[in-house]
Structure formats: C-alpha cells, structure tokens
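Q: File follows, start35.cif with mmCIF, C-alpha atoms:
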```cif
data_my_file
loop_
_atom_site.label_atom_id
_atom_site.label_comp_id
_atom_site.auth_asym_id
_atom_site.auth_seq_id
_atom_site.Cartn_x
_atom_site.Cartn_y
_atom_site.Cartn_z
CA MET A 23 27.03 0.25 -4.95
CA ILE A 24 26.81 -1.67 -1.68
CA GLU A 25 25.87 1.59 0.00
CA THR A 26 23.10 2.20 -2.53
CA TYR A 27 21.74 -1.29 -1.91
CA TRP A 28 21.80 -0.65 1.83
CA GLN A 29 19.98 2.66 1.35
CA LEU A 30 17.42 0.93 -0.88
CA PHE A 31 16.87 -1.66 1.82
CA LEU A 32 16.34 1.01 4.48
CA ALA A 33 14.14 3.17 2.23
CA PHE A 34 11.66 0.31 1.90
CA PHE A 35 12.20 -1.43 5.23
CA ILE A 36 11.29 1.61 7.35
CA PRO A 37 7.96 2.43 5.59
CA ASN A 38 6.93 -1.20 5.77
CA VAL A 39 7.54 -1.71 9.48
CA ILE A 40 5.74 1.48 10.49
CA GLY A 41 3.04 1.56 7.79
CA TYR A 42 -0.06 0.21 9.49
CA GLY A 43 -3.17 -0.06 7.34
CA GLY A 44 -2.05 -2.17 4.38
CA GLY A 45 -0.24 -1.28 1.15
CA PRO A 46 -1.79 2.15 0.49
CA ALA A 47 -0.67 3.37 3.93
CA ILE A 48 2.91 2.93 2.81
CA ILE A 49 2.67 5.27 -0.20
CA PRO A 50 3.30 8.57 1.66
CA LEU A 51 6.04 6.91 3.73
CA ILE A 52 7.81 5.71 0.59
CA GLU A 53 7.47 9.18 -0.94
CA ILE A 54 9.29 10.68 2.06
CA GLU A 55 12.22 8.26 1.62
CA VAL A 56 12.42 8.11 -2.16
CA VAL A 57 11.59 11.71 -3.12
CA SER A 58 12.41 13.88 -0.09
CA HIS A 59 15.24 11.95 1.56
CA TYR A 60 17.27 10.07 -1.07
CA GLN A 61 15.96 12.06 -4.06
CA TRP A 62 16.10 9.09 -6.40
CA LEU A 63 12.91 10.29 -8.11
CA ASN A 64 11.25 13.67 -8.37
CA LEU A 65 7.59 14.05 -7.47
CA GLN A 66 6.51 13.85 -11.12
CA GLN A 67 8.30 10.52 -11.62
CA PHE A 68 6.94 9.27 -8.33
CA SER A 69 3.40 10.13 -9.36
CA GLU A 70 3.88 8.41 -12.74
CA THR A 71 5.00 5.29 -10.86
CA LEU A 72 1.94 5.59 -8.68
CA ALA A 73 -0.39 6.08 -11.66
CA LEU A 74 0.89 3.10 -13.61
CA GLY A 75 1.03 1.06 -10.43
CA ASN A 76 -2.64 1.79 -9.86
CA SER A 77 -3.51 0.68 -13.38
CA LEU A 78 -1.96 -2.77 -12.81
CA PRO A 79 -3.22 -5.52 -10.51
CA SER A 80 -1.59 -6.83 -7.28
CA PRO A 81 -0.44 -4.85 -4.22
CA ILE A 82 0.73 -1.27 -4.81
CA ALA A 83 3.59 -1.40 -2.28
CA THR A 84 5.46 -4.23 -4.00
CA LYS A 85 5.01 -2.74 -7.46
CA MET A 86 6.45 0.58 -6.30
CA ALA A 87 9.32 -1.19 -4.52
CA GLY A 88 10.12 -3.33 -7.57
CA HIS A 89 10.08 -0.44 -9.97
CA ILE A 90 11.92 2.12 -7.85
CA GLY A 91 14.47 -0.53 -6.83
CA TYR A 92 15.01 -1.29 -10.51
CA ILE A 93 15.58 2.38 -11.41
CA VAL A 94 18.05 2.88 -8.56
CA GLY A 95 19.92 -0.43 -8.60
CA GLY A 96 18.88 -2.58 -11.56
CA ILE A 97 17.55 -6.08 -11.01
CA PRO A 98 19.45 -6.59 -7.71
CA GLY A 99 18.00 -3.27 -6.55
CA ALA A 100 14.49 -4.42 -7.42
CA ILE A 101 14.98 -7.68 -5.50
CA ILE A 102 16.36 -5.87 -2.44
CA ALA A 103 13.53 -3.32 -2.37
CA VAL A 104 10.85 -6.00 -2.77
CA PHE A 105 12.52 -8.15 -0.12
CA ALA A 106 12.60 -5.22 2.33
CA THR A 107 8.89 -4.65 1.59
CA VAL A 108 7.69 -8.22 1.96
CA ALA A 109 10.02 -10.05 4.34
CA PRO A 110 9.86 -8.23 7.70
CA SER A 111 6.14 -8.48 8.38
CA LEU A 112 5.83 -11.87 6.67
CA LEU A 113 8.57 -13.37 8.87
CA LEU A 114 6.93 -11.87 11.95
CA MET A 115 3.66 -13.40 10.90
CA ILE A 116 5.10 -16.87 10.25
CA PHE A 117 7.18 -17.06 13.41
CA LEU A 118 4.96 -15.21 15.85
CA LEU A 119 1.55 -16.34 14.70
CA SER A 120 0.73 -18.31 17.84
CA ILE A 121 1.69 -15.38 20.07
CA LEU A 122 -0.10 -12.88 17.85
CA TYR A 123 -3.12 -15.16 17.83
CA ARG A 124 -3.40 -14.89 21.59
CA TYR A 125 -3.32 -11.08 21.40
CA LYS A 126 -5.38 -10.53 18.27
CA ASP A 127 -8.35 -9.23 20.26
CA SER A 128 -6.17 -7.25 22.66
CA VAL A 129 -7.03 -3.58 22.98
CA LYS A 130 -3.33 -2.70 22.93
CA VAL A 131 -2.76 -4.46 19.63
CA LYS A 132 -5.90 -2.99 18.03
CA SER A 133 -5.02 0.48 19.30
CA MET A 134 -1.75 0.28 17.39
CA THR A 135 -3.52 0.32 14.03
CA LEU A 136 -6.12 2.82 15.25
CA PHE A 137 -3.57 5.32 16.52
CA VAL A 138 -1.37 5.19 13.46
CA ARG A 139 -4.21 5.63 10.95
CA PRO A 140 -4.72 9.42 11.45
CA VAL A 141 -0.96 10.00 11.06
CA ILE A 142 -1.02 8.13 7.76
CA ALA A 143 -4.06 10.20 6.75
CA VAL A 144 -2.15 13.42 7.50
CA MET A 145 0.81 12.25 5.42
CA MET A 146 -1.55 11.31 2.59
CA ALA A 147 -3.13 14.77 2.76
CA ILE A 148 0.32 16.40 2.56
CA LEU A 149 1.25 14.24 -0.42
CA THR A 150 -2.05 15.02 -2.15
CA TYR A 151 -1.39 18.73 -1.67
CA LYS A 152 2.14 18.43 -3.09
CA LEU A 153 0.83 16.54 -6.13
CA LEU A 154 -1.86 19.18 -6.61
CA GLN A 155 0.76 21.93 -6.53
CA ASN A 156 2.87 20.10 -9.09
CA SER A 157 -0.12 19.62 -11.32
CA TYR A 158 -0.92 23.32 -11.12
CA PHE A 159 2.64 24.31 -12.08
CA ASP A 160 2.95 21.76 -14.90
CA ALA A 161 -0.45 21.59 -16.55
CA GLY A 162 -1.85 24.95 -15.43
CA LEU A 163 -5.00 25.75 -13.50
CA LEU A 164 -7.55 25.05 -16.23
CA HIS A 165 -6.26 21.64 -17.26
CA SER A 166 -5.64 20.58 -13.65
CA VAL A 167 -9.12 21.47 -12.46
CA GLY A 168 -10.76 19.99 -15.55
CA LEU A 169 -8.85 16.72 -15.32
CA ILE A 170 -9.40 16.43 -11.57
CA ILE A 171 -13.15 16.86 -11.98
CA ALA A 172 -13.20 14.42 -14.90
CA ALA A 173 -11.10 11.85 -13.03
CA TYR A 174 -13.27 12.18 -9.94
CA LEU A 175 -16.48 11.67 -11.92
CA LEU A 176 -15.12 8.70 -13.86
CA LEU A 177 -13.51 6.97 -10.86
CA GLU A 178 -15.93 7.70 -8.05
CA ARG A 179 -19.28 8.40 -9.72
CA LEU A 180 -19.22 6.11 -12.76
CA LYS A 181 -16.90 3.66 -10.96
CA LEU A 182 -14.84 3.07 -14.09
CA HIS A 183 -11.76 0.90 -13.86
CA PRO A 184 -8.63 2.90 -12.82
CA ALA A 185 -6.65 1.38 -15.70
CA PHE A 186 -9.15 2.89 -18.15
CA VAL A 187 -9.11 6.32 -16.49
CA ILE A 188 -5.30 6.39 -16.40
CA ALA A 189 -5.06 5.32 -20.05
CA SER A 190 -7.49 8.11 -21.00
CA ALA A 191 -5.49 10.68 -19.00
CA LEU A 192 -2.25 9.55 -20.67
CA THR A 193 -3.87 9.88 -24.10
CA TYR A 194 -5.33 13.29 -23.32
CA GLY A 195 -2.00 14.50 -21.94
CA GLY A 196 -0.05 13.15 -24.92
CA ALA A 197 -2.42 14.87 -27.34
CA PHE A 198 -3.13 18.23 -25.65
CA LEU A 199 -0.42 18.90 -23.06
CA GLY A 200 3.36 18.98 -23.10
CA MET B 10 5.51 -30.73 -7.07
CA LYS B 11 1.84 -30.76 -8.00
CA LEU B 12 1.10 -28.91 -4.76
CA GLN B 13 3.69 -26.22 -5.51
CA TRP B 14 2.16 -25.80 -8.96
CA GLN B 15 -1.29 -25.39 -7.40
CA ILE B 16 0.10 -22.79 -4.99
CA PHE B 17 1.72 -20.95 -7.86
CA ALA B 18 -1.44 -20.99 -10.00
CA ALA B 19 -3.70 -19.88 -7.13
CA PHE B 20 -1.58 -16.89 -6.09
CA PHE B 21 -0.80 -16.00 -9.68
CA ARG B 22 -4.52 -15.71 -10.38
CA ILE B 23 -5.01 -13.56 -7.27
CA GLY B 24 -2.10 -11.37 -8.34
CA ILE B 25 -3.22 -10.70 -11.89
CA PHE B 26 -6.92 -10.22 -11.13
CA GLY B 27 -6.45 -8.21 -7.95
CA PHE B 28 -6.92 -4.64 -9.08
CA GLY B 29 -7.11 -1.80 -6.56
CA GLY B 30 -4.23 -2.71 -4.26
CA GLY B 31 -3.74 -5.28 -1.51
CA PRO B 32 -6.83 -4.80 0.69
CA SER B 33 -9.20 -5.15 -2.27
CA MET B 34 -7.59 -8.52 -3.09
CA ILE B 35 -8.84 -10.18 0.11
CA PRO B 36 -12.03 -11.61 -1.48
CA LEU B 37 -9.87 -13.23 -4.18
CA PHE B 38 -7.70 -14.85 -1.51
CA HIS B 39 -10.86 -16.14 0.09
CA THR B 40 -12.11 -17.65 -3.17
CA GLU B 41 -8.86 -19.49 -3.91
CA VAL B 42 -7.85 -20.55 -0.42
CA VAL B 43 -11.16 -21.36 1.25
CA LYS B 44 -13.49 -22.20 -1.64
CA ARG B 45 -11.39 -23.63 -4.46
CA HIS B 46 -8.57 -25.45 -2.66
CA GLN B 47 -9.94 -25.72 0.89
CA TRP B 48 -6.48 -25.10 2.31
CA MET B 49 -8.10 -23.34 5.25
CA ASP B 50 -11.58 -23.17 6.67
CA GLU B 51 -13.56 -19.97 7.10
CA GLN B 52 -12.53 -19.50 10.74
CA VAL B 53 -8.78 -19.97 10.28
CA PHE B 54 -8.83 -17.71 7.23
CA SER B 55 -10.47 -14.86 9.11
CA ASP B 56 -8.05 -15.35 12.03
CA VAL B 57 -5.08 -15.15 9.68
CA LEU B 58 -6.55 -12.00 8.14
CA ALA B 59 -7.13 -10.43 11.56
CA ILE B 60 -3.57 -11.20 12.64
CA GLY B 61 -2.20 -9.91 9.34
CA ASN B 62 -4.01 -6.66 9.98
CA THR B 63 -2.30 -6.22 13.35
CA LEU B 64 1.09 -6.16 11.61
CA PRO B 65 2.43 -3.34 9.43
CA GLY B 66 3.24 -3.70 5.73
CA PRO B 67 1.13 -4.79 2.75
CA ILE B 68 -1.62 -7.28 3.62
CA ALA B 69 -1.57 -9.27 0.35
CA THR B 70 2.03 -10.48 0.67
CA LYS B 71 1.54 -11.41 4.32
CA MET B 72 -1.51 -13.50 3.37
CA ALA B 73 0.19 -15.09 0.36
CA GLY B 74 3.40 -15.84 2.27
CA TYR B 75 1.72 -17.20 5.34
CA ILE B 76 -0.80 -19.38 3.49
CA GLY B 77 1.97 -20.61 1.14
CA PHE B 78 4.05 -21.49 4.19
CA LYS B 79 1.21 -23.39 5.89
CA VAL B 80 0.37 -25.34 2.74
CA GLY B 81 3.81 -25.92 1.23
CA GLY B 82 6.54 -24.98 3.72
CA THR B 83 9.27 -22.45 3.06
CA LEU B 84 9.27 -23.20 -0.66
CA GLY B 85 5.51 -22.71 -0.65
CA ALA B 86 5.88 -19.30 0.98
CA ILE B 87 8.46 -18.08 -1.53
CA ASN B 88 6.48 -19.59 -4.40
CA ALA B 89 3.24 -17.91 -3.30
CA VAL B 90 4.78 -14.47 -2.82
CA ILE B 91 6.58 -14.58 -6.17
CA ALA B 92 3.48 -15.80 -8.03
CA ASN B 93 1.46 -13.06 -6.36
CA ILE B 94 3.62 -10.02 -7.03
CA VAL B 95 6.30 -10.63 -9.69
CA PRO B 96 4.09 -10.60 -12.84
CA SER B 97 2.85 -7.05 -12.19
CA ILE B 98 6.30 -5.82 -11.15
CA ILE B 99 7.68 -6.98 -14.49
CA ALA B 100 4.74 -5.43 -16.36
CA MET B 101 5.32 -2.18 -14.49
CA ILE B 102 9.06 -2.03 -15.21
CA LEU B 103 8.43 -2.76 -18.91
CA MET B 104 5.75 -0.05 -19.22
CA LEU B 105 7.82 2.61 -17.49
CA THR B 106 11.03 1.66 -19.32
CA LEU B 107 9.18 2.01 -22.60
CA LEU B 108 7.84 5.40 -21.54
CA SER B 109 11.25 6.67 -20.41
CA ALA B 110 12.81 5.63 -23.76
CA TYR B 111 10.72 8.40 -25.33
CA LYS B 112 11.05 10.88 -22.48
CA ASP B 113 12.56 13.60 -24.69
CA GLN B 114 9.41 13.74 -26.80
CA SER B 115 7.05 16.47 -25.70
CA TRP B 116 4.03 14.15 -25.88
CA VAL B 117 5.58 11.91 -23.20
CA ALA B 118 5.95 14.91 -20.90
CA GLY B 119 2.32 15.69 -21.75
CA MET B 120 1.28 12.19 -20.71
CA GLY B 121 2.96 12.70 -17.36
CA GLN B 122 1.11 15.98 -16.91
CA GLY B 123 -2.18 14.41 -17.94
CA VAL B 124 -1.93 11.60 -15.42
CA LEU B 125 -0.91 13.78 -12.46
CA PRO B 126 -4.46 15.07 -11.75
CA VAL B 127 -5.71 11.46 -11.75
CA VAL B 128 -3.11 10.61 -9.10
CA VAL B 129 -4.30 13.66 -7.12
CA VAL B 130 -7.83 12.25 -7.16
CA MET B 131 -6.64 8.77 -6.16
CA MET B 132 -4.49 10.07 -3.28
CA GLY B 133 -7.29 12.42 -2.25
CA LYS B 134 -9.70 9.48 -2.12
CA LEU B 135 -7.24 7.43 -0.03
CA THR B 136 -6.79 10.38 2.32
CA TRP B 137 -10.54 10.71 2.69
CA ASP B 138 -10.92 6.94 3.30
CA PHE B 139 -8.25 6.94 5.99
CA PHE B 140 -9.80 9.92 7.79
CA ALA B 141 -13.28 8.40 7.50
CA LYS B 142 -12.12 5.01 8.80
CA SER B 143 -10.32 6.75 11.62
CA HIS B 144 -13.40 8.80 12.46
CA SER B 145 -15.62 5.71 12.62
CA SER B 146 -13.20 3.67 14.72
CA LEU B 147 -11.44 6.22 16.91
CA GLY B 148 -14.17 8.85 17.17
CA LEU B 149 -14.00 12.53 16.28
CA ASN B 150 -11.97 13.73 19.28
CA GLY B 151 -9.32 11.03 19.06
CA THR B 152 -8.94 11.53 15.31
CA LEU B 153 -8.65 15.32 15.64
CA LEU B 154 -6.17 15.04 18.50
CA ILE B 155 -3.81 12.68 16.64
CA THR B 156 -4.33 14.54 13.36
CA PHE B 157 -3.34 17.93 14.74
CA THR B 158 -0.49 16.66 16.89
CA SER B 159 1.02 14.69 14.04
CA ALA B 160 0.50 17.50 11.50
CA LEU B 161 2.33 19.83 13.88
CA ALA B 162 5.15 17.34 14.40
CA LEU B 163 5.50 16.65 10.68
CA LEU B 164 5.13 20.17 9.30
CA ALA B 165 6.36 22.49 12.05
CA LEU B 166 8.95 20.33 13.81
CA ASN B 167 9.89 18.43 10.65
CA LEU B 168 10.09 15.12 12.51
CA HIS B 169 10.51 11.87 10.61
CA PRO B 170 7.16 10.00 10.54
CA ALA B 171 8.86 6.93 12.02
CA ILE B 172 9.41 8.84 15.28
CA ILE B 173 5.79 9.95 15.49
CA ILE B 174 4.50 6.48 14.69
CA LEU B 175 6.82 4.81 17.21
CA CYS B 176 5.59 7.21 19.93
CA LEU B 177 1.97 6.34 19.10
CA LEU B 178 2.73 2.61 19.12
CA ILE B 179 4.26 2.94 22.57
CA ILE B 180 1.21 4.87 23.81
CA ALA B 181 -1.01 2.13 22.33
CA LEU B 182 0.95 -0.58 24.16
CA LEU B 183 0.72 1.32 27.43
CA ARG B 184 -3.06 1.40 27.20
CA SER B 185 -4.95 -0.53 29.82
CA GLU B 186 -6.65 -3.72 28.61
CA LYS B 187 -9.61 -2.73 30.74
CA THR B 188 -10.94 -0.35 28.14
CA VAL B 189 -12.25 -3.40 26.26
CA GLN B 190 -15.76 -2.01 26.67
CA ASP B 191 -14.78 0.73 24.29
CA GLN B 192 -17.22 0.01 21.47
CA ALA B 193 -15.08 1.75 18.92
CA LEU B 194 -12.31 -0.77 19.25
CA THR B 195 -14.42 -3.80 18.60
CA GLN B 196 -15.56 -2.71 15.18
CA PRO B 197 -14.23 -4.87 12.35
CA VAL B 198 -11.72 -3.36 9.96
CA SER B 199 -12.79 -2.71 6.39
CA SER B 200 -11.10 -5.73 4.85
CA GLU B 201 -13.09 -8.00 7.12
CA LYS B 202 -16.24 -6.19 6.11
CA SER B 203 -15.59 -6.72 2.43
CA LEU B 204 -15.15 -10.40 3.17
CA GLU B 205 -18.63 -10.63 4.60
CA LYS B 206 -20.26 -9.28 1.48
#
```
What is this file in structure tokens?
A:
Amino acid sequence: MIETYWQLFLAFFIPNVIGYGGGPAIIPLIEIEVVSHYQWLNLQQFSETLALGNSLPSPIATKMAGHIGYIVGGIPGAIIAVFATVAPSLLLMIFLLSILYRYKDSVKVKSMTLFVRPVIAVMMAILTYKLLQNSYFDAGLLHSVGLIIAAYLLLERLKLHPAFVIASALTYGGAFLG
Amino acid sequence: MKLQWQIFAAFFRIGIFGFGGGPSMIPLFHTEVVKRHQWMDEQVFSDVLAIGNTLPGPIATKMAGYIGFKVGGTLGAINAVIANIVPSIIAMILMLTLLSAYKDQSWVAGMGQGVLPVVVVMMGKLTWDFFAKSHSSLGLNGTLLITFTSALALLALNLHPAIIILCLLIIALLRSEKTVQDQALTQPVSSEKSLEK
C-alpha cells in the first residue's frame, strides 16, 4: 500500500511541477501517468472523471487528483494526490515570493511559460484524438459526430453552462446508447 | 478565529461559484480579496497573480494558499486551500461513486458513451486555446518549431513529456535577458486580461 501511495504522489507531483499554464495544462500530463503509465483508469473512466469535473466548480486539477486518488487509495489516497497537486508550487510561491518578485518581468522566466505552452497543446491534441477514437469505437460514427456537433454548438455558440451540456449528454446516452 | 472564518467563507464562495476551472476563477478571487475584504490592493493582487503564473501547477490553489498565508499565517493557508477545493472534490467523489454503483446497467454505460463526445469538444477547445495563445505570444515560427519538435519527441521517440519540458525550461533559462525588446514577451497572459474586463 505504501508503494501505491508513493506512486500516487509521483503521478500527481510530476504533472504539477512541469504543467505550466494553469490547471487545464495538467490534464494531458495526468492522463499520461494515470491511464498510460500506471493504468489505474482506462480512457473511458478518465474522460468520465473529466466530464463530471468540468460540470462542477473549482479547479479541475484538484478535483481530478481527489477523485483518482480516492479510487486508487481511498481517503488517504485522495489526500496524498491533492497534496502532491497543491503543495509543491504553493510552497515555492510562499517561500520564494520575494525572489520571484524580482524576476517576474524577466525574459527568462516568461519564456518558461511560453516555451512549454506548445508542448502542452500537442499533448492536448493527442489526448483529444484518443478520446475521439474511443468515442468512435463506443458510440459509433453517427452518434459521435452528432453529439460532437451538438456539444460544440451548445458550448461554444450558445455559450450554455458546461454542467447543463454534460447533464444533457448523460441523459441522451442513458436513453439512446449503451 | 473570526479572521479564519472570513478566510474560509471567502475561499469557499470562490470555490463553489468558480465554474470553468482555475484560470476562470481569477475574477472571483479579485472580488473577494480586493473588493470585499481589502486584504490586498489592486497592485499587490496583480503582482501575486503574475508571480503565480510564472510557477507550474493550478493557479487557483496557489492564489488561495498564498493569500490565506498572508492574511492568516500557515493556518490561513491550509484553511483557504481546503475551503477552495474540498467541497467540489467531495461532490465529485459522491457523483462518481453513485454512478459506479450502477455500472453494470446498460444505461450507465450509455451515459459514459454520451458524455465522451462532449469531453472531445472540451479538450478540442482547450487544445485550440493553447495553440492560439501560443501563436499570439510566441509567433507562428516559434510555435511551429516547438510543436513539431515536441510532437516528434512524444510520438516517434516516445519520450516522457517531463524530459521535453525540462529541456525547454533549460533553453528558456539560457536565453539572454537582452531580448527584452521582443514585443511578444511583454504581452499579458490571458488571466490578467480577464481581470481587466
């Protein structure tokens, strides 16, 4: 069990110390650890976590950590995963603020975020493609394309609340798929 | 004690009303911290935000923890982070536990299939946003260069992203400070923009 806790710590510590660009940047990095590396969840379960996470308020990274930690190691697992998500950068911020303050306009420091962003974008693109593939295999071409178009219109054109769109998709799936 | 309660209430409100992930919660932080409680003035708040953005990891917990620490010490930091994130974590675990209790039913599998395309759209949108932000701050050539190199390293060489990111961070730190004139680098990041609205 100790080993599992250690793995949980690493699985969330690594994405959070390299994930520049806020919570969403960490999603593809977590997927690599949780789905590809440790295989605690399959991609379908991961995407359900992501969907429900997006329908609830507060940062996505901590919700994913809390939930995945809970599945893998119960309440201690949830605490460890959330701690690994929150603590490293928060401690850096509290203890190094005066130093960071001096360098906040430094080109070097700004370049760090700038350079990492395209890598995160590539990983997000790969994850999107994998999810698309899964959707095609599970729900079939017609349903996938229809739901993607509907979700896009509702989320991006009509700007409906994600919680509403996700609830509708769950209802539709429960009634017509499966 | 009253102070700790105020910290809890402020970050609890930010946590339960902050839909759309960490970066979209920044205006709520501003309302509570600068307007309602006046724990920080405008200038300090935007400095803290700028510094938070130079560090990896979620922005919301860095803001909550740091502001909690400044206002109420170590206890304040722990209090603020817990108030900010724990309610939704509990809600999330309850919802998914409930769902997995019925996982043998075919309609639950159907729900999972129904929601997958929505996640595709959300991830696709995030991907687009990250490329667009990168294009506007790093320019087309820089974005394409890093995009293709990292895609090659990830897909063809199967490198762990941590290695690629560490290499890029080292390159960033080796950059000369003299390129300050580079207009691209002085553009504000999106979370600062949303604050100005």
Q: Would you list the contacts of stretch 157-166 of chain A as number ranges by chain, taking every protein, DNA or RNA residue within 7 Å and counting all atoms listed in the file, but skipping same-chain residues closer than 5 positions in sequence?
A: B: 122, 125-126
Q: For the residues in that selection, give me C-alpha atoms as a short mmCIF file (atom, residue, chain, number, x, y, z; two decimals), in the coordinates of the input.
A:
```
data_model
loop_
_atom_site.label_atom_id
_atom_site.label_comp_id
_atom_site.auth_asym_id
_atom_site.auth_seq_id
_atom_site.Cartn_x
_atom_site.Cartn_y
_atom_site.Cartn_z
CA GLN B 122 1.11 15.98 -16.91
CA LEU B 125 -0.91 13.78 -12.46
CA PRO B 126 -4.46 15.07 -11.75
#
```
Q: Since I can't run it myself right now, could you work out what the PyMOL selection byres ((chain A and resi 50) around 8) selects here and report it as a ChimeraX atom specification?
A: /A:47-49,51-54,142,145-146,149
Q: Using all atoms listed in the file, which residues sit within 8 Å of A:Thr71 once same-chain residues fewer than 5 positions away are excluded, as a PyMOL selection string?
A: (chain A and resi 86+89) or (chain B and resi 105)
Q: When the PyMOL selection byres ((chain B and resi 90) around 10) is applied to the file above, which residues end up in the set, as a JSON list (two decimals) with C-alpha atoms, in the frame of the given file?
A:
```
[["chain", "number", "residue", "atom", "x", "y", "z"],
["A", 108, "VAL", "CA", 7.69, -8.22, 1.96],
["A", 109, "ALA", "CA", 10.02, -10.05, 4.34],
["A", 112, "LEU", "CA", 5.83, -11.87, 6.67],
["B", 16, "ILE", "CA", 0.10, -22.79, -4.99],
["B", 17, "PHE", "CA", 1.72, -20.95, -7.86],
["B", 20, "PHE", "CA", -1.58, -16.89, -6.09],
["B", 21, "PHE", "CA", -0.80, -16.00, -9.68],
["B", 24, "GLY", "CA", -2.10, -11.37, -8.34],
["B", 69, "ALA", "CA", -1.57, -9.27, 0.35],
["B", 70, "THR", "CA", 2.03, -10.48, 0.67],
["B", 71, "LYS", "CA", 1.54, -11.41, 4.32],
["B", 72, "MET", "CA", -1.51, -13.50, 3.37],
["B", 73, "ALA", "CA", 0.19, -15.09, 0.36],
["B", 74, "GLY", "CA", 3.40, -15.84, 2.27],
["B", 75, "TYR", "CA", 1.72, -17.20, 5.34],
["B", 76, "ILE", "CA", -0.80, -19.38, 3.49],
["B", 77, "GLY", "CA", 1.97, -20.61, 1.14],
["B", 78, "PHE", "CA", 4.05, -21.49, 4.19],
["B", 85, "GLY", "CA", 5.51, -22.71, -0.65],
["B", 86, "ALA", "CA", 5.88, -19.30, 0.98],
["B", 87, "ILE", "CA", 8.46, -18.08, -1.53],
["B", 88, "ASN", "CA", 6.48, -19.59, -4.40],
["B", 89, "ALA", "CA", 3.24, -17.91, -3.30],
["B", 91, "ILE", "CA", 6.58, -14.58, -6.17],
["B", 92, "ALA", "CA", 3.48, -15.80, -8.03],
["B", 93, "ASN", "CA", 1.46, -13.06, -6.36],
["B", 94, "ILE", "CA", 3.62, -10.02, -7.03],
["B", 95, "VAL", "CA", 6.30, -10.63, -9.69]]
```
Q: What does the PyMOL selection byres ((chain A and resi 116-121) around 9) select in this file, as a list in words?
A: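 Selected by the PyMOL selection byres ((chain A and resi 116-121) around 9) in this file: Ser111, Leu112, Leu113, Leu114, Met115, Leu122, Tyr123, Arg124, Tyr125 and Lys126 of chain A; Val57, Ile60, Lys71, Gly74, Tyr75, Phe78 and Lys79 of chain B.
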Q: So, counting all atoms listed in the file, which residue among A:Ala197, A:Leu78, A:Leu32, A:Ala185 is closest to A:Val104?
A: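 The shortest atom-to-atom distance to A:Val104 comes from A:Leu32.
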Q: Rounded to one decimal place, report the atom CA of B:Leu153-atom CA of A:Lys152 distance in Å.
A: 21.8 Å
Q: Looking at all atoms listed in the file, which of B:Ala19, B:Leu182, B:Leu163, B:Met10 is the one that sits closest to chain A?
A: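 Going through B:Ala19, B:Leu182, B:Leu163, B:Met10 one by one, the smallest distance to chain A is for B:Leu182.
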Q: Enclose the full set of atoms of stretch 117-124 of chain A listed in the file within a box whose edges lie along x, y and z, apply 5 Å of padding to each of the six sides, and report centre and edge lengths in Å to one decimal as lines of an AutoDock Vina configuration file.
A:
```
center_x = 1.9
center_y = -15.6
center_z = 17.5
size_x = 20.6
size_y = 15.4
size_z = 18.2
```
Q: For atom CA of B:Ile173 and atom CA of A:Ala33, determine how far apart the two atoms are, in Å to one decimal place.
A: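 Atom CA of B:Ile173 sits 17.1 Å away from atom CA of A:Ala33.
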Q: What is the distance, in Å and to one decimal place, between atom CA of A:Gly88 and atom CA of A:Ile24?
A: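 Rounded to one decimal, the two atoms are 17.8 Å apart.
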Q: Complete stretch 116-128 of chain B with N, CA, C and O atoms (output as a short mmCIF file (atom, residue, chain, number, x, y, z; two decimals), keeping the file's coordinate frame).
A:
```cif
data_model
loop_
_atom_site.label_atom_id
_atom_site.label_comp_id
_atom_site.auth_asym_id
_atom_site.auth_seq_id
_atom_site.Cartn_x
_atom_site.Cartn_y
_atom_site.Cartn_z
N TRP B 116 5.30 14.82 -26.21
CA TRP B 116 4.03 14.15 -25.88
C TRP B 116 4.16 13.24 -24.67
O TRP B 116 3.18 12.99 -23.98
N VAL B 117 5.40 12.75 -24.40
CA VAL B 117 5.58 11.91 -23.20
C VAL B 117 5.49 12.78 -21.94
O VAL B 117 4.85 12.40 -20.95
N ALA B 118 6.09 13.98 -22.02
CA ALA B 118 5.95 14.91 -20.90
C ALA B 118 4.48 15.25 -20.69
O ALA B 118 3.99 15.34 -19.56
N GLY B 119 3.75 15.40 -21.80
CA GLY B 119 2.32 15.69 -21.75
C GLY B 119 1.55 14.58 -21.06
O GLY B 119 0.64 14.82 -20.27
N MET B 120 1.94 13.33 -21.36
CA MET B 120 1.28 12.19 -20.71
C MET B 120 1.46 12.24 -19.20
O MET B 120 0.52 12.00 -18.44
N GLY B 121 2.69 12.58 -18.79
CA GLY B 121 2.96 12.70 -17.36
C GLY B 121 2.09 13.77 -16.72
O GLY B 121 1.55 13.59 -15.63
N GLN B 122 1.94 14.89 -17.44
CA GLN B 122 1.11 15.98 -16.91
C GLN B 122 -0.36 15.61 -16.88
O GLN B 122 -1.09 16.01 -15.98
N GLY B 123 -0.78 14.81 -17.87
CA GLY B 123 -2.18 14.41 -17.94
C GLY B 123 -2.57 13.47 -16.81
O GLY B 123 -3.68 13.50 -16.31
N VAL B 124 -1.60 12.63 -16.40
CA VAL B 124 -1.93 11.60 -15.42
C VAL B 124 -1.84 12.14 -13.99
O VAL B 124 -2.45 11.61 -13.08
N LEU B 125 -1.10 13.23 -13.80
CA LEU B 125 -0.91 13.78 -12.46
C LEU B 125 -2.24 14.10 -11.74
O LEU B 125 -2.43 13.71 -10.59
N PRO B 126 -3.17 14.79 -12.43
CA PRO B 126 -4.46 15.07 -11.75
C PRO B 126 -5.20 13.80 -11.34
O PRO B 126 -5.90 13.81 -10.32
N VAL B 127 -5.04 12.72 -12.11
CA VAL B 127 -5.71 11.46 -11.75
C VAL B 127 -5.10 10.93 -10.45
O VAL B 127 -5.82 10.44 -9.57
N VAL B 128 -3.78 11.05 -10.33
CA VAL B 128 -3.11 10.61 -9.10
C VAL B 128 -3.58 11.48 -7.92
O VAL B 128 -3.77 10.97 -6.81
#
```
